[in-house]
Amino acid sequence: MTIADTITSFKSSLPKQVTLVAVSKTKPMEAIMEAYRSGHRVFGENKVQEMTAKWEVLPKDIQWHMIGHLQRNKVKYIAPYVHLIHAVDSIKLLQEIDKQAEKNNRVIQCLLQIKIAEEESKFGLSETDALELLESKELKSLSHVSIKGLMGMATFTDDHVQIAKEFQSLQQLFNRLKNDYGFEYLSMGMSGDFEIALKFGSNMIRVGSALFGERNYD
Ligand SMILES: *Cc1c(COP(=O)(O)O)cnc(C)c1O
């Protein structure tokens, strides 16, 4: 199957309210253009330099999602165009995003990354730290960022019970907060676990290899 056919059939299998972020990291411009020609506009990357290089040459109606861990000193490169930053995990990062967004006359949409996996390596805030951040006066003073929801990554495992438990905990937190904070997006689920994520209310899945094929490097 071509990339265009794969994306089209993948999307037709998803509930309407679910946004598919096609994760194009490490994939060439041509692969993105194939997906683009099928009508897809939402792409995710995890490296600032790679995403910016692609943004510079590809059609300007693409919505670029930064899904990877973001360093403060690199925010300035994506601030002119990024559509949604998924993995925000500190007030310091939000302050930098706010500053760069203001310079570009924009409000940048962000998600808070919550640590739900047992693995040590995964980034993210604890529930307590997320609540504290959301209530902080530092956040309330920022007018060029908008927190639109939560993002999480499950443990990399074949144990579906474990993955389900982790996604369920994030769904419960999302449901507790969404009305108070006007949340819209619950970003969880990748190629290996998006079906489980959808069962637990995900409305934004980040899928790479299931659409574009395996990556050679990460
Ligand atoms: C690479 C990546 C994905 C997509 O992974 P696949 O297994 O290829 O679907 C999703 N989310 C994040 C944060 C990633 O870095």
# chains A, B, ... in the order shown; residues from 1 in each chain; ligands from 1
$ residues_near_ligand --ligand "ligand 1" --cutoff "12 Å" --atoms "only C-alpha atoms and all ligand atoms" --output "ChimeraX atom specification"
/A:20-27,43-47,65-70,85-88,113,122-124,151-154,156,187-195,204-218
$ closest_residue --among "A:Leu94, A:Val145, A:Leu186, A:Ala79" --to "Leu133 (chain A)" --atoms "only C-alpha atoms"
A:Leu94
$ residues_around --residues "Leu142 (chain A)" --least-positions-apart "2" --cutoff "10 Å" --atoms "only C-alpha atoms" --output "list in words"
Leu94, Gln95, Ile97, Asp98, Lys99, Glu102, Val107, Lys137, Glu138, Leu139, Lys140, His144, Val145 and Ser146 of chain A
$ select_by_dssp --residues "region 122-203 of chain A" --states "helix (DSSP H, G or I)" --output "PyMOL selection string"
chain A and resi 127-135+137-140+160-181+194-199
$ atom_distance --atom1 "CA of Gln49 (chain A)" --atom2 "CA of Glu30 (chain A)"
17.6 Å
$ atom_distance --atom1 "CA of Ala130 (chain A)" --atom2 "CA of Leu112 (chain A)"
7.4 Å
$ residues_around --residues "Leu111 (chain A)" --least-positions-apart "4" --cutoff "6 Å" --atoms "only C-alpha atoms" --output "list in words"
His86, Ile147, Lys148, Gly149 and Leu150 of chain A
$ closest_residue --among "A:Leu93, A:Leu125, A:Ala31, A:Ile116" --to "Gln168 (chain A)" --atoms "only C-alpha atoms"
A:Ile116
$ closest_residue --among "A:Glu127, A:Tyr185, A:Glu132, A:Ile108" --to "Leu173 (chain A)" --atoms "only C-alpha atoms"
A:Glu127
$ decode --residues "region 36-50 of chain A" --atoms "all heavy atoms" --output "PDB file, in the first residue's frame"
ATOM      1  N   TYR A  36       0.412  14.323   2.446  1.00  0.00           N
ATOM      2  CA  TYR A  36      -0.222  15.623   2.212  1.00  0.00           C
ATOM      3  C   TYR A  36      -1.180  15.562   1.030  1.00  0.00           C
ATOM      4  O   TYR A  36      -2.302  16.071   1.081  1.00  0.00           O
ATOM      5  CB  TYR A  36       0.866  16.671   1.973  1.00  0.00           C
ATOM      6  CG  TYR A  36       0.345  18.079   1.754  1.00  0.00           C
ATOM      7  CD1 TYR A  36       0.171  18.943   2.836  1.00  0.00           C
ATOM      8  CD2 TYR A  36       0.033  18.540   0.473  1.00  0.00           C
ATOM      9  CE1 TYR A  36      -0.299  20.227   2.645  1.00  0.00           C
ATOM     10  CE2 TYR A  36      -0.436  19.831   0.276  1.00  0.00           C
ATOM     11  CZ  TYR A  36      -0.605  20.673   1.361  1.00  0.00           C
ATOM     12  OH  TYR A  36      -1.084  21.940   1.165  1.00  0.00           O
ATOM     13  N   ARG A  37      -0.737  14.915  -0.020  1.00  0.00           N
ATOM     14  CA  ARG A  37      -1.586  14.848  -1.222  1.00  0.00           C
ATOM     15  C   ARG A  37      -2.849  14.019  -0.992  1.00  0.00           C
ATOM     16  O   ARG A  37      -3.829  14.190  -1.705  1.00  0.00           O
ATOM     17  CB  ARG A  37      -0.779  14.314  -2.415  1.00  0.00           C
ATOM     18  CG  ARG A  37       0.168  15.386  -2.996  1.00  0.00           C
ATOM     19  CD  ARG A  37       0.787  14.947  -4.320  1.00  0.00           C
ATOM     20  NE  ARG A  37       1.783  13.922  -4.142  1.00  0.00           N
ATOM     21  CZ  ARG A  37       3.103  14.155  -3.980  1.00  0.00           C
ATOM     22  NH1 ARG A  37       3.568  15.392  -4.004  1.00  0.00           N
ATOM     23  NH2 ARG A  37       3.937  13.161  -3.809  1.00  0.00           N
ATOM     24  N   SER A  38      -2.808  13.164   0.027  1.00  0.00           N
ATOM     25  CA  SER A  38      -4.036  12.425   0.361  1.00  0.00           C
ATOM     26  C   SER A  38      -4.986  13.290   1.183  1.00  0.00           C
ATOM     27  O   SER A  38      -6.086  12.870   1.522  1.00  0.00           O
ATOM     28  CB  SER A  38      -3.701  11.150   1.147  1.00  0.00           C
ATOM     29  OG  SER A  38      -3.468  11.458   2.511  1.00  0.00           O
ATOM     30  N   GLY A  39      -4.557  14.505   1.517  1.00  0.00           N
ATOM     31  CA  GLY A  39      -5.409  15.431   2.260  1.00  0.00           C
ATOM     32  C   GLY A  39      -4.999  15.615   3.714  1.00  0.00           C
ATOM     33  O   GLY A  39      -5.584  16.416   4.431  1.00  0.00           O
ATOM     34  N   HIS A  40      -3.976  14.891   4.155  1.00  0.00           N
ATOM     35  CA  HIS A  40      -3.588  15.006   5.555  1.00  0.00           C
ATOM     36  C   HIS A  40      -2.763  16.271   5.805  1.00  0.00           C
ATOM     37  O   HIS A  40      -1.944  16.658   4.975  1.00  0.00           O
ATOM     38  CB  HIS A  40      -2.809  13.762   5.998  1.00  0.00           C
ATOM     39  CG  HIS A  40      -2.738  13.645   7.489  1.00  0.00           C
ATOM     40  ND1 HIS A  40      -3.843  13.345   8.257  1.00  0.00           N
ATOM     41  CD2 HIS A  40      -1.718  13.846   8.362  1.00  0.00           C
ATOM     42  CE1 HIS A  40      -3.491  13.359   9.540  1.00  0.00           C
ATOM     43  NE2 HIS A  40      -2.213  13.660   9.625  1.00  0.00           N
ATOM     44  N   ARG A  41      -3.015  16.914   6.963  1.00  0.00           N
ATOM     45  CA  ARG A  41      -2.333  18.186   7.248  1.00  0.00           C
ATOM     46  C   ARG A  41      -1.645  18.224   8.608  1.00  0.00           C
ATOM     47  O   ARG A  41      -0.984  19.221   8.922  1.00  0.00           O
ATOM     48  CB  ARG A  41      -3.353  19.345   7.198  1.00  0.00           C
ATOM     49  CG  ARG A  41      -3.957  19.590   5.810  1.00  0.00           C
ATOM     50  CD  ARG A  41      -2.917  20.119   4.854  1.00  0.00           C
ATOM     51  NE  ARG A  41      -3.465  20.379   3.535  1.00  0.00           N
ATOM     52  CZ  ARG A  41      -3.493  19.495   2.539  1.00  0.00           C
ATOM     53  NH1 ARG A  41      -3.001  18.270   2.698  1.00  0.00           N
ATOM     54  NH2 ARG A  41      -4.012  19.813   1.356  1.00  0.00           N
ATOM     55  N   VAL A  42      -1.781  17.212   9.405  1.00  0.00           N
ATOM     56  CA  VAL A  42      -1.295  17.262  10.784  1.00  0.00           C
ATOM     57  C   VAL A  42      -0.107  16.312  10.955  1.00  0.00           C
ATOM     58  O   VAL A  42      -0.261  15.092  10.841  1.00  0.00           O
ATOM     59  CB  VAL A  42      -2.413  16.872  11.779  1.00  0.00           C
ATOM     60  CG1 VAL A  42      -1.930  17.044  13.217  1.00  0.00           C
ATOM     61  CG2 VAL A  42      -3.669  17.686  11.531  1.00  0.00           C
ATOM     62  N   PHE A  43       1.071  16.890  11.220  1.00  0.00           N
ATOM     63  CA  PHE A  43       2.283  16.083  11.304  1.00  0.00           C
ATOM     64  C   PHE A  43       3.020  16.370  12.622  1.00  0.00           C
ATOM     65  O   PHE A  43       2.981  17.488  13.138  1.00  0.00           O
ATOM     66  CB  PHE A  43       3.204  16.354  10.110  1.00  0.00           C
ATOM     67  CG  PHE A  43       2.600  15.896   8.802  1.00  0.00           C
ATOM     68  CD1 PHE A  43       1.798  16.752   8.051  1.00  0.00           C
ATOM     69  CD2 PHE A  43       2.792  14.593   8.357  1.00  0.00           C
ATOM     70  CE1 PHE A  43       1.212  16.324   6.862  1.00  0.00           C
ATOM     71  CE2 PHE A  43       2.204  14.155   7.166  1.00  0.00           C
ATOM     72  CZ  PHE A  43       1.413  15.020   6.416  1.00  0.00           C
ATOM     73  N   GLY A  44       3.693  15.337  13.115  1.00  0.00           N
ATOM     74  CA  GLY A  44       4.425  15.461  14.375  1.00  0.00           C
ATOM     75  C   GLY A  44       5.900  15.151  14.190  1.00  0.00           C
ATOM     76  O   GLY A  44       6.269  14.243  13.440  1.00  0.00           O
ATOM     77  N   GLU A  45       6.728  15.921  14.883  1.00  0.00           N
ATOM     78  CA  GLU A  45       8.178  15.722  14.844  1.00  0.00           C
ATOM     79  C   GLU A  45       8.690  15.840  16.273  1.00  0.00           C
ATOM     80  O   GLU A  45       8.082  16.512  17.114  1.00  0.00           O
ATOM     81  CB  GLU A  45       8.841  16.808  13.975  1.00  0.00           C
ATOM     82  CG  GLU A  45       8.483  16.743  12.501  1.00  0.00           C
ATOM     83  CD  GLU A  45       9.308  15.707  11.724  1.00  0.00           C
ATOM     84  OE1 GLU A  45      10.399  15.340  12.218  1.00  0.00           O
ATOM     85  OE2 GLU A  45       8.855  15.281  10.644  1.00  0.00           O
ATOM     86  N   ASN A  46       9.855  15.246  16.537  1.00  0.00           N
ATOM     87  CA  ASN A  46      10.389  15.332  17.903  1.00  0.00           C
ATOM     88  C   ASN A  46      11.715  16.083  17.994  1.00  0.00           C
ATOM     89  O   ASN A  46      12.276  16.188  19.075  1.00  0.00           O
ATOM     90  CB  ASN A  46      10.512  13.933  18.529  1.00  0.00           C
ATOM     91  CG  ASN A  46      11.605  13.107  17.887  1.00  0.00           C
ATOM     92  OD1 ASN A  46      12.013  13.389  16.757  1.00  0.00           O
ATOM     93  ND2 ASN A  46      12.086  12.095  18.591  1.00  0.00           N
ATOM     94  N   LYS A  47      12.196  16.602  16.852  1.00  0.00           N
ATOM     95  CA  LYS A  47      13.439  17.381  16.898  1.00  0.00           C
ATOM     96  C   LYS A  47      13.213  18.740  16.245  1.00  0.00           C
ATOM     97  O   LYS A  47      12.694  18.833  15.126  1.00  0.00           O
ATOM     98  CB  LYS A  47      14.561  16.638  16.170  1.00  0.00           C
ATOM     99  CG  LYS A  47      14.874  15.290  16.811  1.00  0.00           C
ATOM    100  CD  LYS A  47      16.378  15.034  16.831  1.00  0.00           C
ATOM    101  CE  LYS A  47      16.738  13.944  17.821  1.00  0.00           C
ATOM    102  NZ  LYS A  47      16.268  12.615  17.408  1.00  0.00           N
ATOM    103  N   VAL A  48      13.659  19.777  16.951  1.00  0.00           N
ATOM    104  CA  VAL A  48      13.419  21.151  16.514  1.00  0.00           C
ATOM    105  C   VAL A  48      14.033  21.404  15.141  1.00  0.00           C
ATOM    106  O   VAL A  48      13.389  21.963  14.243  1.00  0.00           O
ATOM    107  CB  VAL A  48      13.974  22.141  17.561  1.00  0.00           C
ATOM    108  CG1 VAL A  48      14.091  23.544  16.995  1.00  0.00           C
ATOM    109  CG2 VAL A  48      13.094  22.128  18.799  1.00  0.00           C
ATOM    110  N   GLN A  49      15.271  20.998  14.975  1.00  0.00           N
ATOM    111  CA  GLN A  49      15.972  21.302  13.735  1.00  0.00           C
ATOM    112  C   GLN A  49      15.316  20.617  12.531  1.00  0.00           C
ATOM    113  O   GLN A  49      15.126  21.224  11.476  1.00  0.00           O
ATOM    114  CB  GLN A  49      17.422  20.843  13.859  1.00  0.00           C
ATOM    115  CG  GLN A  49      18.347  21.628  12.979  1.00  0.00           C
ATOM    116  CD  GLN A  49      19.803  21.188  13.143  1.00  0.00           C
ATOM    117  OE1 GLN A  49      20.135  20.360  14.000  1.00  0.00           O
ATOM    118  NE2 GLN A  49      20.662  21.738  12.327  1.00  0.00           N
ATOM    119  N   GLU A  50      14.961  19.366  12.732  1.00  0.00           N
ATOM    120  CA  GLU A  50      14.326  18.606  11.647  1.00  0.00           C
ATOM    121  C   GLU A  50      12.947  19.174  11.306  1.00  0.00           C
ATOM    122  O   GLU A  50      12.605  19.353  10.133  1.00  0.00           O
ATOM    123  CB  GLU A  50      14.214  17.136  12.070  1.00  0.00           C
ATOM    124  CG  GLU A  50      13.602  16.251  10.982  1.00  0.00           C
ATOM    125  CD  GLU A  50      13.545  14.776  11.396  1.00  0.00           C
ATOM    126  OE1 GLU A  50      14.105  14.413  12.449  1.00  0.00           O
ATOM    127  OE2 GLU A  50      12.931  14.006  10.644  1.00  0.00           O
TER     128      GLU A  50
END
